[in-house]
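K.L.:
This is the content of target32.txt (compact mmCIF, C-alpha atoms):
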```txt
# COMPACT_ATOMS: atom_id res chain seq x y z
CA ASN A 1 -6.63 21.84 -17.06
CA THR A 2 -9.04 24.82 -17.15
CA PRO A 3 -11.75 24.51 -19.85
CA THR A 4 -11.24 26.70 -22.92
CA GLY A 5 -14.36 28.82 -22.29
CA VAL A 6 -13.34 29.62 -18.71
CA ARG A 7 -9.81 30.46 -19.84
CA ARG A 8 -11.09 32.93 -22.45
CA CYS A 9 -13.40 34.56 -19.90
CA THR A 10 -10.41 34.95 -17.57
CA TYR A 11 -8.44 36.80 -20.27
CA VAL A 12 -11.37 39.12 -20.98
CA GLN A 13 -11.91 39.71 -17.25
CA PHE A 14 -8.40 41.12 -16.73
CA PHE A 15 -8.73 43.47 -19.72
CA VAL A 16 -12.12 44.65 -18.45
CA ASP A 17 -10.62 45.20 -14.97
CA ALA A 18 -7.91 47.41 -16.51
CA LEU A 19 -10.51 49.48 -18.38
CA VAL A 20 -12.69 49.90 -15.27
CA THR A 21 -9.64 50.91 -13.23
CA THR A 22 -8.78 53.57 -15.80
CA GLY A 23 -12.28 55.03 -15.45
CA ILE A 24 -11.99 55.00 -11.64
CA VAL A 25 -8.60 56.77 -11.79
CA HIS A 26 -10.04 59.41 -14.14
CA TYR A 27 -13.04 60.17 -11.92
CA THR A 28 -10.92 60.28 -8.75
CA GLY A 29 -8.42 62.89 -9.95
CA GLY A 30 -6.29 61.46 -12.74
CA ILE A 31 -2.66 62.08 -11.85
CA GLN A 32 -3.73 63.00 -8.32
CA SER A 33 -5.60 59.68 -7.74
CA GLN A 34 -3.93 57.16 -5.46
CA LEU A 35 -6.06 54.36 -6.87
CA PHE A 36 -3.51 53.79 -9.64
CA PHE A 37 -2.22 50.99 -7.34
CA ILE A 38 -5.10 48.87 -8.63
CA TYR A 39 -3.11 48.41 -11.85
CA PRO A 40 -0.22 46.54 -10.13
CA LEU A 41 -2.75 44.27 -8.41
CA ILE A 42 -4.30 43.42 -11.78
CA ILE A 43 -0.84 42.70 -13.21
CA LEU A 44 0.06 40.52 -10.24
CA GLY A 45 -3.21 38.58 -10.46
CA ALA A 46 -2.76 38.01 -14.19
CA GLY A 47 0.63 36.39 -13.60
CA VAL A 48 -0.52 34.17 -10.75
CA VAL A 49 -3.82 33.09 -12.31
CA VAL A 50 -2.83 32.83 -15.99
CA SER A 51 0.85 33.06 -16.89
CA GLY A 52 3.89 35.33 -16.90
CA SER A 53 3.55 36.13 -20.61
CA PHE A 54 -0.07 37.17 -20.11
CA ALA A 55 1.03 39.38 -17.18
CA LEU A 56 3.45 41.13 -19.56
CA ARG A 57 0.64 41.80 -22.04
CA ILE A 58 -1.61 43.14 -19.28
CA THR A 59 1.26 45.38 -18.11
CA ILE A 60 1.63 46.91 -21.58
CA PHE A 61 -2.13 47.38 -21.78
CA CYS A 62 -2.29 49.07 -18.34
CA VAL A 63 0.66 51.38 -19.13
CA ALA A 64 -0.98 52.36 -22.41
CA LEU A 65 -4.35 53.06 -20.74
CA TYR A 66 -2.89 55.03 -17.83
CA ALA A 67 -0.52 57.09 -19.97
CA THR A 68 -3.27 57.83 -22.52
CA GLU A 69 -5.65 58.92 -19.78
CA ILE A 70 -3.06 61.30 -18.26
CA VAL A 71 -2.09 62.78 -21.66
CA LEU A 72 -5.73 63.34 -22.62
CA GLU A 73 -6.39 65.11 -19.32
CA ALA A 74 -3.26 67.21 -19.72
CA HIS A 75 -4.39 68.40 -23.17
CA GLY A 76 -7.97 69.05 -22.07
CA VAL A 77 -9.53 66.27 -24.13
CA LEU A 78 -10.82 64.72 -20.92
CA PRO A 79 -12.09 67.01 -18.18
CA PHE A 80 -10.01 67.15 -15.01
CA ARG A 81 -12.08 65.95 -12.04
CA GLY A 82 -9.52 66.41 -9.27
CA SER A 83 -8.91 69.20 -6.79
CA MET A 84 -7.43 72.55 -7.71
CA PRO A 85 -4.88 73.90 -8.47
CA LEU A 86 -4.64 72.11 -11.79
CA PRO A 87 -1.63 69.74 -11.57
CA TYR A 88 -1.06 69.74 -15.35
CA LEU A 89 0.28 73.30 -15.21
CA LYS A 90 3.58 71.72 -14.12
CA MET A 91 4.16 69.12 -16.82
CA ASP A 92 7.64 68.29 -15.54
CA ALA A 93 6.18 67.06 -12.23
CA VAL A 94 3.38 65.26 -14.07
CA MET A 95 5.84 63.43 -16.34
CA GLN A 96 8.02 62.55 -13.39
CA ASN A 97 5.07 61.02 -11.49
CA LEU A 98 3.91 59.22 -14.64
CA MET A 99 7.32 57.62 -15.31
CA LEU A 100 7.68 56.64 -11.66
CA ARG A 101 4.29 54.92 -11.67
CA ILE A 102 5.03 53.16 -14.98
CA PHE A 103 8.24 51.90 -13.36
CA VAL A 104 6.15 50.50 -10.52
CA PHE A 105 3.99 48.73 -13.09
CA VAL A 106 7.11 47.16 -14.64
CA ILE A 107 8.39 46.03 -11.22
CA TYR A 108 5.07 44.34 -10.49
CA SER A 109 5.16 42.75 -13.95
CA ALA A 110 8.56 41.21 -13.20
CA ALA A 111 7.36 40.00 -9.80
CA SER A 112 4.24 38.59 -11.39
CA SER A 113 6.28 36.71 -14.00
CA TYR A 114 8.47 35.24 -11.27
CA LEU A 115 5.45 34.14 -9.24
CA ALA A 116 3.82 32.71 -12.34
CA ASP A 117 6.91 30.63 -13.15
CA PHE A 118 7.22 29.54 -9.52
CA CYS A 119 3.55 28.53 -9.32
CA SER A 120 3.86 26.69 -12.61
CA TRP A 121 6.91 24.80 -11.33
CA GLN A 122 5.10 24.02 -8.09
CA GLY A 123 2.11 22.77 -10.05
CA ARG A 124 4.30 20.50 -12.17
CA GLN A 125 6.02 19.16 -9.04
CA ILE A 126 2.70 18.49 -7.32
CA HIS A 127 1.38 16.78 -10.44
CA ARG A 128 4.54 14.67 -10.72
CA TYR A 129 4.51 13.64 -7.07
CA THR A 130 0.79 12.95 -7.17
CA ALA A 131 1.23 10.71 -10.20
CA LEU A 132 4.15 8.97 -8.48
CA VAL A 133 2.19 8.38 -5.27
CA ASN A 134 -0.83 7.13 -7.19
CA THR A 135 1.35 4.78 -9.21
CA ILE A 136 3.04 3.36 -6.10
CA PHE A 137 -0.29 3.13 -4.30
CA ASP A 138 -1.93 1.17 -7.12
CA ARG A 139 1.11 -1.03 -7.89
CA MET A 140 1.64 -2.23 -4.31
CA SER A 141 1.13 -5.98 -3.90
CA VAL A 142 -0.52 -5.39 -0.51
CA GLY A 143 -4.16 -4.35 -0.52
CA LEU A 144 -4.73 -0.98 1.17
CA PHE A 145 -8.03 0.33 2.52
CA ALA A 146 -8.79 3.71 4.09
CA VAL A 147 -11.80 3.18 6.36
CA SER A 148 -13.70 5.92 8.16
CA GLU A 149 -14.75 5.66 11.79
CA ASP A 150 -18.29 4.75 10.72
CA ASP A 151 -16.95 1.75 8.72
CA LYS A 152 -17.09 3.25 5.20
CA ILE A 153 -14.32 2.62 2.67
CA VAL A 154 -13.11 6.01 1.39
CA LEU A 155 -9.99 4.90 -0.47
CA VAL A 156 -8.75 1.60 -1.92
CA ASN A 157 -5.95 0.47 -4.25
CA GLN A 158 -5.95 -2.00 -7.14
CA SER A 159 -4.51 -4.87 -5.08
CA ALA A 160 -7.34 -4.58 -2.56
CA ALA A 161 -9.89 -4.52 -5.38
CA LYS A 162 -8.27 -7.66 -6.82
CA ILE A 163 -8.58 -9.43 -3.45
CA LEU A 164 -12.30 -8.60 -3.29
CA GLY A 165 -12.85 -9.30 -6.99
CA GLU A 166 -14.54 -5.93 -7.64
CA ASN A 167 -13.79 -2.58 -9.25
CA VAL A 168 -12.38 0.29 -7.21
CA ASP A 169 -15.37 2.53 -7.93
CA THR A 170 -17.73 -0.20 -6.71
CA ILE A 171 -15.90 -0.61 -3.40
CA ILE A 172 -15.71 3.10 -2.52
CA GLY A 173 -18.44 4.06 -0.06
CA THR A 174 -19.35 0.50 0.95
CA SER A 175 -19.15 -0.98 4.44
CA PHE A 176 -15.77 -2.53 5.17
CA SER A 177 -17.14 -5.01 7.71
CA GLY A 178 -19.62 -6.15 5.07
CA TYR A 179 -16.76 -8.02 3.40
CA PHE A 180 -15.95 -9.98 6.59
CA GLU A 181 -17.05 -13.58 6.85
CA ASN A 182 -17.57 -13.05 10.61
CA PRO A 183 -17.92 -9.27 11.20
CA GLU A 184 -18.67 -9.66 14.90
CA LEU A 185 -15.28 -11.30 15.52
CA VAL A 186 -13.18 -8.53 13.92
CA SER A 187 -12.25 -5.17 15.41
CA LEU A 188 -9.82 -2.78 13.75
CA HIS A 189 -9.02 -1.26 17.13
CA ASP A 190 -7.40 -4.53 18.23
CA SER A 191 -4.85 -4.66 15.42
CA PRO A 192 -2.58 -1.55 15.67
CA GLY A 193 0.80 -2.42 17.21
CA LYS A 194 -0.17 -6.07 17.71
CA LYS A 195 0.01 -9.29 15.76
CA PRO A 196 -1.75 -8.98 12.37
CA LEU A 197 -5.29 -10.28 12.28
CA ARG A 198 -6.12 -13.32 10.17
CA ILE A 199 -9.61 -13.02 8.72
CA ASN A 200 -11.59 -14.28 5.75
CA LEU A 201 -12.94 -11.73 3.27
CA LYS A 202 -15.91 -12.40 1.02
CA ARG A 203 -15.33 -11.92 -2.70
CA ALA A 204 -17.87 -10.76 -5.25
CA ASP A 205 -18.19 -14.32 -6.60
CA GLY A 206 -19.27 -15.62 -3.17
CA GLU A 207 -15.97 -17.30 -2.31
CA THR A 208 -13.83 -16.37 0.69
CA VAL A 209 -10.13 -15.51 0.69
CA PRO A 210 -7.90 -15.68 3.79
CA VAL A 211 -5.93 -12.48 4.47
CA ALA A 212 -3.59 -11.15 7.12
CA CYS A 213 -4.63 -7.62 8.16
CA ASP A 214 -2.82 -4.89 10.02
CA ALA A 215 -4.41 -1.50 10.78
CA SER A 216 -3.21 1.90 11.90
CA THR A 217 -5.00 5.17 12.58
CA ALA A 218 -4.29 8.30 10.53
CA VAL A 219 -5.54 11.88 10.67
CA LEU A 220 -6.22 13.55 7.31
CA PRO A 221 -5.96 17.35 7.49
CA PRO A 222 -8.42 19.51 5.54
CA ALA A 223 -5.73 20.39 2.99
CA LEU A 224 -5.70 16.78 1.79
CA THR A 225 -9.45 16.33 1.54
CA ARG A 226 -10.75 19.75 0.51
CA GLY A 227 -11.97 19.68 -3.07
CA HIS A 228 -12.44 15.91 -3.06
CA ASN A 229 -15.50 13.78 -2.44
CA PHE A 230 -14.03 12.23 0.73
CA ARG A 231 -16.20 14.27 3.05
CA GLU A 232 -19.38 13.20 1.30
CA LEU A 233 -18.63 9.62 2.35
CA PHE A 234 -18.58 10.40 6.07
CA LYS A 235 -21.61 10.16 8.28
CA GLY A 236 -22.85 13.42 9.76
CA ALA A 237 -21.88 17.00 9.04
CA ILE A 238 -18.11 17.46 8.94
CA GLY A 239 -16.85 21.01 8.76
CA ARG A 240 -14.71 22.15 5.89
CA ASP A 241 -11.75 22.78 8.19
CA GLU A 242 -12.11 19.72 10.43
CA ASP A 243 -9.66 16.80 10.48
CA ILE A 244 -10.84 13.37 9.38
CA ASN A 245 -9.82 10.23 11.29
CA VAL A 246 -9.42 7.07 9.21
CA HIS A 247 -8.10 3.55 9.66
CA ILE A 248 -5.41 2.51 7.17
CA VAL A 249 -5.81 -1.25 6.71
CA ALA A 250 -3.19 -3.36 4.93
CA ALA A 251 -4.47 -6.76 3.75
CA GLN A 252 -2.24 -9.51 2.33
CA ASP A 253 -3.69 -12.52 0.54
CA ILE A 254 -2.22 -15.60 2.27
CA SER A 255 -3.95 -18.30 0.20
CA LEU A 256 -0.66 -19.40 -1.35
CA GLN A 257 1.13 -19.47 2.01
CA LEU A 258 -1.60 -21.64 3.51
CA GLU A 259 -1.43 -23.97 0.54
CA ASN A 260 2.35 -24.26 0.93
CA GLN A 261 1.88 -24.92 4.63
CA ARG A 262 -0.57 -27.72 3.90
CA SER A 263 1.88 -29.18 1.37
CA ALA A 264 4.67 -29.06 3.96
CA GLU A 265 2.45 -30.80 6.52
CA GLU A 266 1.57 -33.47 3.99
CA LEU A 267 5.25 -33.99 3.22
CA THR A 268 5.97 -34.29 6.95
CA ARG A 269 3.26 -36.92 7.33
CA LEU A 270 4.70 -38.79 4.36
CA ALA A 271 8.19 -38.68 5.89
CA THR A 272 6.81 -39.94 9.20
CA THR A 273 5.09 -42.83 7.48
CA LEU A 274 8.26 -43.66 5.57
CA ARG A 275 10.35 -43.68 8.71
CA VAL A 276 7.88 -45.86 10.60
CA VAL A 277 7.63 -48.33 7.74
CA THR A 278 11.41 -48.41 7.34
CA GLU A 279 12.08 -48.96 11.03
CA LEU A 280 9.45 -51.65 11.30
CA ALA A 281 10.69 -53.33 8.13
CA HIS A 282 14.23 -53.27 9.52
CA HIS A 283 13.24 -55.01 12.76
CA VAL A 284 10.95 -57.45 10.99
CA ARG A 285 13.77 -58.29 8.60
CA ASN A 286 16.13 -59.00 11.53
CA THR A 287 13.54 -61.20 13.17
CA VAL A 288 12.79 -63.05 9.95
CA THR A 289 16.51 -63.53 9.36
CA SER A 290 16.83 -65.02 12.84
CA PHE A 291 13.94 -67.40 12.10
CA GLN A 292 15.56 -68.34 8.81
CA CYS A 293 18.86 -69.07 10.49
CA ALA A 294 17.09 -71.11 13.12
CA VAL A 295 15.22 -73.09 10.50
CA ASP A 296 18.44 -73.72 8.57
CA LEU A 297 20.20 -74.84 11.73
CA VAL A 298 17.37 -77.15 12.71
CA ALA A 299 17.31 -78.58 9.21
CA ARG A 300 21.05 -79.19 9.35
CA ILE A 301 20.80 -80.82 12.77
CA MET A 302 17.86 -82.95 11.71
CA ASP A 303 19.83 -84.02 8.67
CA GLY A 304 22.75 -85.04 10.90
CA MET A 305 20.46 -86.86 13.30
CA SER A 306 19.08 -88.89 10.45
CA LYS A 307 22.59 -90.19 9.82
CA LYS A 308 23.53 -90.77 13.45
CA ASP A 309 21.86 -92.56 16.22
CA LYS A 310 22.68 -89.83 18.70
CA PRO A 311 23.23 -86.11 18.03
CA GLU A 312 26.40 -84.45 19.19
CA PRO A 313 26.25 -82.08 22.26
CA LEU A 314 27.39 -79.20 20.10
CA ASP A 315 24.21 -79.48 18.09
CA PHE A 316 22.04 -78.92 21.19
CA GLU A 317 24.18 -75.96 22.23
CA ASP A 318 23.66 -74.40 18.81
CA ILE A 319 19.93 -74.91 19.10
CA LYS A 320 19.89 -73.14 22.48
CA ASN A 321 21.88 -70.16 21.11
CA MET A 322 19.65 -69.77 18.09
CA ASN A 323 16.54 -70.02 20.27
CA ARG A 324 17.92 -67.22 22.45
CA ILE A 325 18.62 -65.05 19.37
CA VAL A 326 15.11 -65.58 18.01
CA THR A 327 13.54 -64.79 21.38
CA THR A 328 15.60 -61.61 21.71
CA GLN A 329 14.67 -60.38 18.22
CA VAL A 330 10.97 -61.06 18.81
CA GLU A 331 11.05 -59.15 22.10
CA LYS A 332 12.89 -56.25 20.44
CA LEU A 333 10.35 -56.10 17.60
CA GLU A 334 7.46 -56.14 20.06
CA LYS A 335 9.12 -53.36 22.08
CA GLU A 336 9.62 -51.13 18.99
CA VAL A 337 6.02 -51.57 17.90
CA GLN A 338 4.78 -50.74 21.40
CA VAL A 339 6.95 -47.60 21.57
CA PHE A 340 5.52 -46.43 18.25
CA LEU A 341 1.97 -47.03 19.44
CA ASP A 342 2.61 -45.20 22.72
CA ASN A 343 4.09 -42.17 20.94
CA ALA A 344 1.23 -42.02 18.49
CA ALA A 345 -1.36 -42.13 21.26
CA GLU A 346 0.23 -40.22 24.14
CA ASN A 347 3.31 -38.29 22.97
CA PRO A 348 2.78 -36.69 19.56
CA ALA A 349 5.69 -34.28 20.19
CA GLU A 350 8.13 -37.18 20.34
CA LEU A 351 6.57 -38.62 17.21
CA ALA A 352 7.00 -35.26 15.45
CA LYS A 353 10.67 -35.25 16.48
CA GLU A 354 11.11 -38.69 14.96
CA ALA A 355 9.32 -37.51 11.82
CA SER A 356 11.73 -34.56 11.54
CA GLU A 357 14.71 -36.88 11.89
CA ALA A 358 13.23 -39.15 9.24
CA TYR A 359 12.74 -36.19 6.89
CA GLU A 360 16.40 -35.15 7.28
CA ARG A 361 17.55 -38.74 6.83
CA TYR A 362 15.56 -39.56 3.70
CA PHE A 363 15.02 -36.14 2.06
CA GLY A 364 17.77 -33.90 3.42
CA ASN A 365 20.32 -34.72 0.70
CA GLN A 366 17.88 -34.48 -2.21
CA ASP A 367 17.26 -31.35 -4.28
CA SER A 368 13.49 -31.74 -4.03
```
Starting from the file, lay out its structure as structure tokens.
P.N.:
Amino acid sequence: NTPTGVRRCTYVQFFVDALVTTGIVHYTGGIQSQLFFIYPLIILGAGVVVSGSFALRITIFCVALYATEIVLEAHGVLPFRGSMPLPYLKMDAVMQNLMLRIFVFVIYSAASSYLADFCSWQGRQIHRYTALVNTIFDRMSVGLFAVSEDDKIVLVNQSAAKILGENVDTIIGTSFSGYFENPELVSLHDSPGKKPLRINLKRADGETVPVACDASTAVLPPALTRGHNFRELFKGAIGRDEDINVHIVAAQDISLQLENQRSAEELTRLATTLRVVTELAHHVRNTVTSFQCAVDLVARIMDGMSKKDKPEPLDFEDIKNMNRIVTTQVEKLEKEVQVFLDNAAENPAELAKEASEAYERYFGNQDS
């Protein structure tokens, strides 16, 4: 991800370092100089910073420079600036030292290539895991907020932005309590490990949305925040190597659940009304049936009395029995109505129990 201009300057820098090192080795004794170990450091840095293939090219360049410098000193082209006696009088020893040092360069080149490949693999893994975490973080259905101790939002996912009806960039850096309908009634310190808080959040369009919130405290080490703009969002001077304490808040939109709850309560009230009406209709029907039977019996008796001068005793006994039945049904109806009124006024729990039984009776065997 390095810009092209910076990458080119990096290439040139390593070649310039190799040239400067060759000059330092020449002025500090040539084959006698112990500063030739700067070459392996350049090779190692080239592999770690750029790539293994570039480290190989720098190795060839360093070997060529060092060998050329030694050969030119040995043939007197370049003046020898080391201590006497002149080491080039024994060319066998000079060649032996030269080959040994070139071998060291090759070893460092191999190590640099390995480190370059390892760093590249680590970079790909970090990039892959970062992309995975960001994808999971943004695709979660629960809204997530990272809130600093001074109430600033430092991190937010897409679900949280959808709840608030704003863009992520707009939310970052704002006051979290500013989205509360009643900020004075909410404290994030009361939520961890307890029952989730139910609060109303204000949306950008002015409406409020009910959410269930749960919060936990997290400590972000400097390794996670260094190089990001997190620290600029915190109040006061925070050192580069200081931990950052944040509240991780999970918010779930419960508008649909509340709507379903209201629908269920409405259905319960409907079932209660249905049961009451059915029970009352049943008792009224029994009472009306008793009245009808009584009327029929009286009509029959009156019809018989019109044909006789004196009614039979059985007729009067029937009238007494029917009168008793009518009286009993009326008393039973009055008692049922009074029980319903008492439950509605003084014992709503019993009324709710009856409503539940009515729901099971009239709706329990239906698909809806």
K.L.:
Give me the residues within 7 Å of segment 129-142 of chain A as an MDAnalysis selection string, counting all atoms listed in the file and dropping any in the same chain fewer than 2 places off.
P.N.:
chainID A and resid 125:127 144 157:159 250:252
K.L.:
Give me, please, the distance in Å between atom CA of Cys119 of chain A and atom CA of Tyr66 of chain A, quoted to one decimal.
P.N.:
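Calculated distance between atom CA of Cys119 of chain A and atom CA of Tyr66 of chain A is 28.6 Å.
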K.L.:
What is the atom CA of Gly123 of chain A-atom CA of Val49 of chain A distance in Å, reported with one decimal?
P.N.:
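Atom-to-atom, atom CA of Gly123 of chain A to atom CA of Val49 of chain A, that is 12.1 Å.
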K.L.:
Quick one: of A:Gly76, A:Pro87, A:Arg81, A:Leu100, who's nearest to Val63 of chain A, counting all atoms listed in the file?
P.N.:
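Closest to Val63 of chain A, using all atoms listed in the file: A:Leu100.
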K.L.:
Check the smallest atom-to-atom distance from each of A:Lys162, A:Lys152, A:Ser112, A:Gly45 to Gly178 of chain A using all atoms listed in the file, then report the winner.
P.N.:
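Checking each of A:Lys162, A:Lys152, A:Ser112, A:Gly45 against Gly178 of chain A, counting all atoms listed in the file, the winner is A:Lys152.
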K.L.:
Considering all atoms listed in the file, state which residue in the set A:Val168, A:Cys293, A:Ile248, A:Met99 is at the smallest distance from Thr217 of chain A.
P.N.:
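Ranking A:Val168, A:Cys293, A:Ile248, A:Met99 by distance to Thr217 of chain A, first place goes to A:Ile248.
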K.L.:
Out of A:Val246, A:Ile70, A:Leu89, A:Leu201, which residue has the shortest atom-to-atom distance to Leu155 of chain A when counting all atoms listed in the file?
P.N.:
A:Val246
K.L.:
Please provide the set of residues having any atom within 9 Å of Ala74 of chain A, restricted to all atoms listed in the file, with same-chain residues fewer than 5 positions apart removed, written as a list in words.
P.N.:
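Listing them by chain and then by number gives Glu69, Pro79, Phe80, Pro87, Tyr88, Leu89, Met91 and Val94 of chain A.
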K.L.:
Enter the distance from atom CA of Leu35 of chain A to atom CA of Asp117 of chain A, in Å, rounded to one decimal.
P.N.:
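So the answer is 27.8 Å.
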K.L.:
Select all residues near (-14.3, -6.0, -2.8) (cut-off 9 Å, inclusive, file coordinates), counting all atoms listed in the file, and output them as number ranges by chain.
P.N.:
A: 160-168, 170-171, 176, 179, 201-204
K.L.:
Counting all atoms listed in the file, which residue out of A:Asp296, A:Asp17, A:Glu331, A:Asp169 sits closest to Phe61 of chain A?
P.N.:
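Checking each candidate against Phe61 of chain A, we get A:Asp17 as the closest.
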K.L.:
When you count all atoms listed in the file, which of these residues is closest to Ile24 of chain A: A:Val104, A:Cys9, A:Ile38, A:Met84?
P.N.:
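Ranked by minimum distance to Ile24 of chain A, first place goes to A:Ile38.
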K.L.:
Might you pull out every residue within 8 Å of His247 of chain A, with all atoms listed in the file counted and same-chain residues fewer than 6 positions away left off, and present them as a PDB file with C-alpha atoms, in the frame of the given file?
P.N.:
```pdb
ATOM      1  CA  PHE A 145      -8.030   0.330   2.520  1.00  0.00           C
ATOM      2  CA  ALA A 146      -8.790   3.710   4.090  1.00  0.00           C
ATOM      3  CA  VAL A 147     -11.800   3.180   6.360  1.00  0.00           C
ATOM      4  CA  SER A 148     -13.700   5.920   8.160  1.00  0.00           C
ATOM      5  CA  GLU A 149     -14.750   5.660  11.790  1.00  0.00           C
ATOM      6  CA  LEU A 188      -9.820  -2.780  13.750  1.00  0.00           C
ATOM      7  CA  ALA A 215      -4.410  -1.500  10.780  1.00  0.00           C
ATOM      8  CA  SER A 216      -3.210   1.900  11.900  1.00  0.00           C
ATOM      9  CA  THR A 217      -5.000   5.170  12.580  1.00  0.00           C
ATOM     10  CA  ALA A 218      -4.290   8.300  10.530  1.00  0.00           C
TER      11      ALA A 218
END
```
K.L.:
Around all listed atoms of segment 109-122 of chain A, padded 4 Å per side, what centre and edge lengths does the axis-aligned box have in Å to one decimal, as AutoDock Vina command-line options?
P.N.:
```
--center_x 6.1 --center_y 33.4 --center_z -11.0 --size_x 13.0 --size_y 26.7 --size_z 13.9
```
K.L.:
Report the closest atom pair, with its distance in Å rounded to one decimal, for each residue of segment 30-49 of chain A that has an atom no farther than 8 Å from segment 106-110 of chain A; count only C-alpha atoms, sort by chain and then rising residue number, and write it as CSV.
P.N.:
```
residue,atom,partner,partner_atom,distance
A:Pro40,CA,A:Tyr108,CA,5.7
A:Ile43,CA,A:Ser109,CA,6.0
A:Leu44,CA,A:Tyr108,CA,6.3
A:Gly47,CA,A:Ser109,CA,7.8
```
K.L.:
Find the residues around segment 10-15 of chain A up to 7 Å (only C-alpha atoms counted), leave out those fewer than 4 positions away in its own chain, and share them as JSON, numbers by chain.
P.N.:
{"A": [6, 19, 42, 46]}
K.L.:
Kindly add all heavy atoms to the incomplete segment 160-165 of chain A and provide the output as a PDB file, keeping the file's coordinate frame.
P.N.:
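Below you can see out-v8.pdb, which holds the result:
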```pdb
ATOM      1  N   ALA A 160      -6.189  -4.296  -3.419  1.00  0.00           N
ATOM      2  CA  ALA A 160      -7.340  -4.580  -2.560  1.00  0.00           C
ATOM      3  C   ALA A 160      -8.564  -4.932  -3.389  1.00  0.00           C
ATOM      4  O   ALA A 160      -9.325  -5.839  -3.043  1.00  0.00           O
ATOM      5  CB  ALA A 160      -7.622  -3.380  -1.658  1.00  0.00           C
ATOM      6  N   ALA A 161      -8.760  -4.208  -4.497  1.00  0.00           N
ATOM      7  CA  ALA A 161      -9.890  -4.520  -5.380  1.00  0.00           C
ATOM      8  C   ALA A 161      -9.743  -5.908  -5.980  1.00  0.00           C
ATOM      9  O   ALA A 161     -10.740  -6.632  -6.159  1.00  0.00           O
ATOM     10  CB  ALA A 161      -9.987  -3.462  -6.475  1.00  0.00           C
ATOM     11  N   LYS A 162      -8.505  -6.320  -6.273  1.00  0.00           N
ATOM     12  CA  LYS A 162      -8.270  -7.660  -6.820  1.00  0.00           C
ATOM     13  C   LYS A 162      -8.597  -8.729  -5.781  1.00  0.00           C
ATOM     14  O   LYS A 162      -9.140  -9.785  -6.109  1.00  0.00           O
ATOM     15  CB  LYS A 162      -6.812  -7.776  -7.265  1.00  0.00           C
ATOM     16  CG  LYS A 162      -6.474  -9.101  -7.904  1.00  0.00           C
ATOM     17  CD  LYS A 162      -5.030  -9.124  -8.359  1.00  0.00           C
ATOM     18  CE  LYS A 162      -4.682 -10.474  -8.990  1.00  0.00           C
ATOM     19  NZ  LYS A 162      -3.261 -10.509  -9.430  1.00  0.00           N
ATOM     20  N   ILE A 163      -8.264  -8.466  -4.506  1.00  0.00           N
ATOM     21  CA  ILE A 163      -8.580  -9.430  -3.450  1.00  0.00           C
ATOM     22  C   ILE A 163     -10.084  -9.624  -3.342  1.00  0.00           C
ATOM     23  O   ILE A 163     -10.579 -10.751  -3.202  1.00  0.00           O
ATOM     24  CB  ILE A 163      -7.998  -8.944  -2.100  1.00  0.00           C
ATOM     25  CG1 ILE A 163      -6.463  -8.998  -2.136  1.00  0.00           C
ATOM     26  CG2 ILE A 163      -8.518  -9.786  -0.945  1.00  0.00           C
ATOM     27  CD1 ILE A 163      -5.818  -8.442  -0.886  1.00  0.00           C
ATOM     28  N   LEU A 164     -10.841  -8.520  -3.428  1.00  0.00           N
ATOM     29  CA  LEU A 164     -12.300  -8.600  -3.290  1.00  0.00           C
ATOM     30  C   LEU A 164     -12.992  -8.969  -4.595  1.00  0.00           C
ATOM     31  O   LEU A 164     -14.192  -9.254  -4.595  1.00  0.00           O
ATOM     32  CB  LEU A 164     -12.842  -7.255  -2.792  1.00  0.00           C
ATOM     33  CG  LEU A 164     -12.351  -6.801  -1.409  1.00  0.00           C
ATOM     34  CD1 LEU A 164     -12.957  -5.457  -1.058  1.00  0.00           C
ATOM     35  CD2 LEU A 164     -12.687  -7.840  -0.346  1.00  0.00           C
ATOM     36  N   GLY A 165     -12.260  -8.931  -5.702  1.00  0.00           N
ATOM     37  CA  GLY A 165     -12.850  -9.300  -6.990  1.00  0.00           C
ATOM     38  C   GLY A 165     -13.844  -8.280  -7.511  1.00  0.00           C
ATOM     39  O   GLY A 165     -14.782  -8.649  -8.217  1.00  0.00           O
TER      40      GLY A 165
END
```
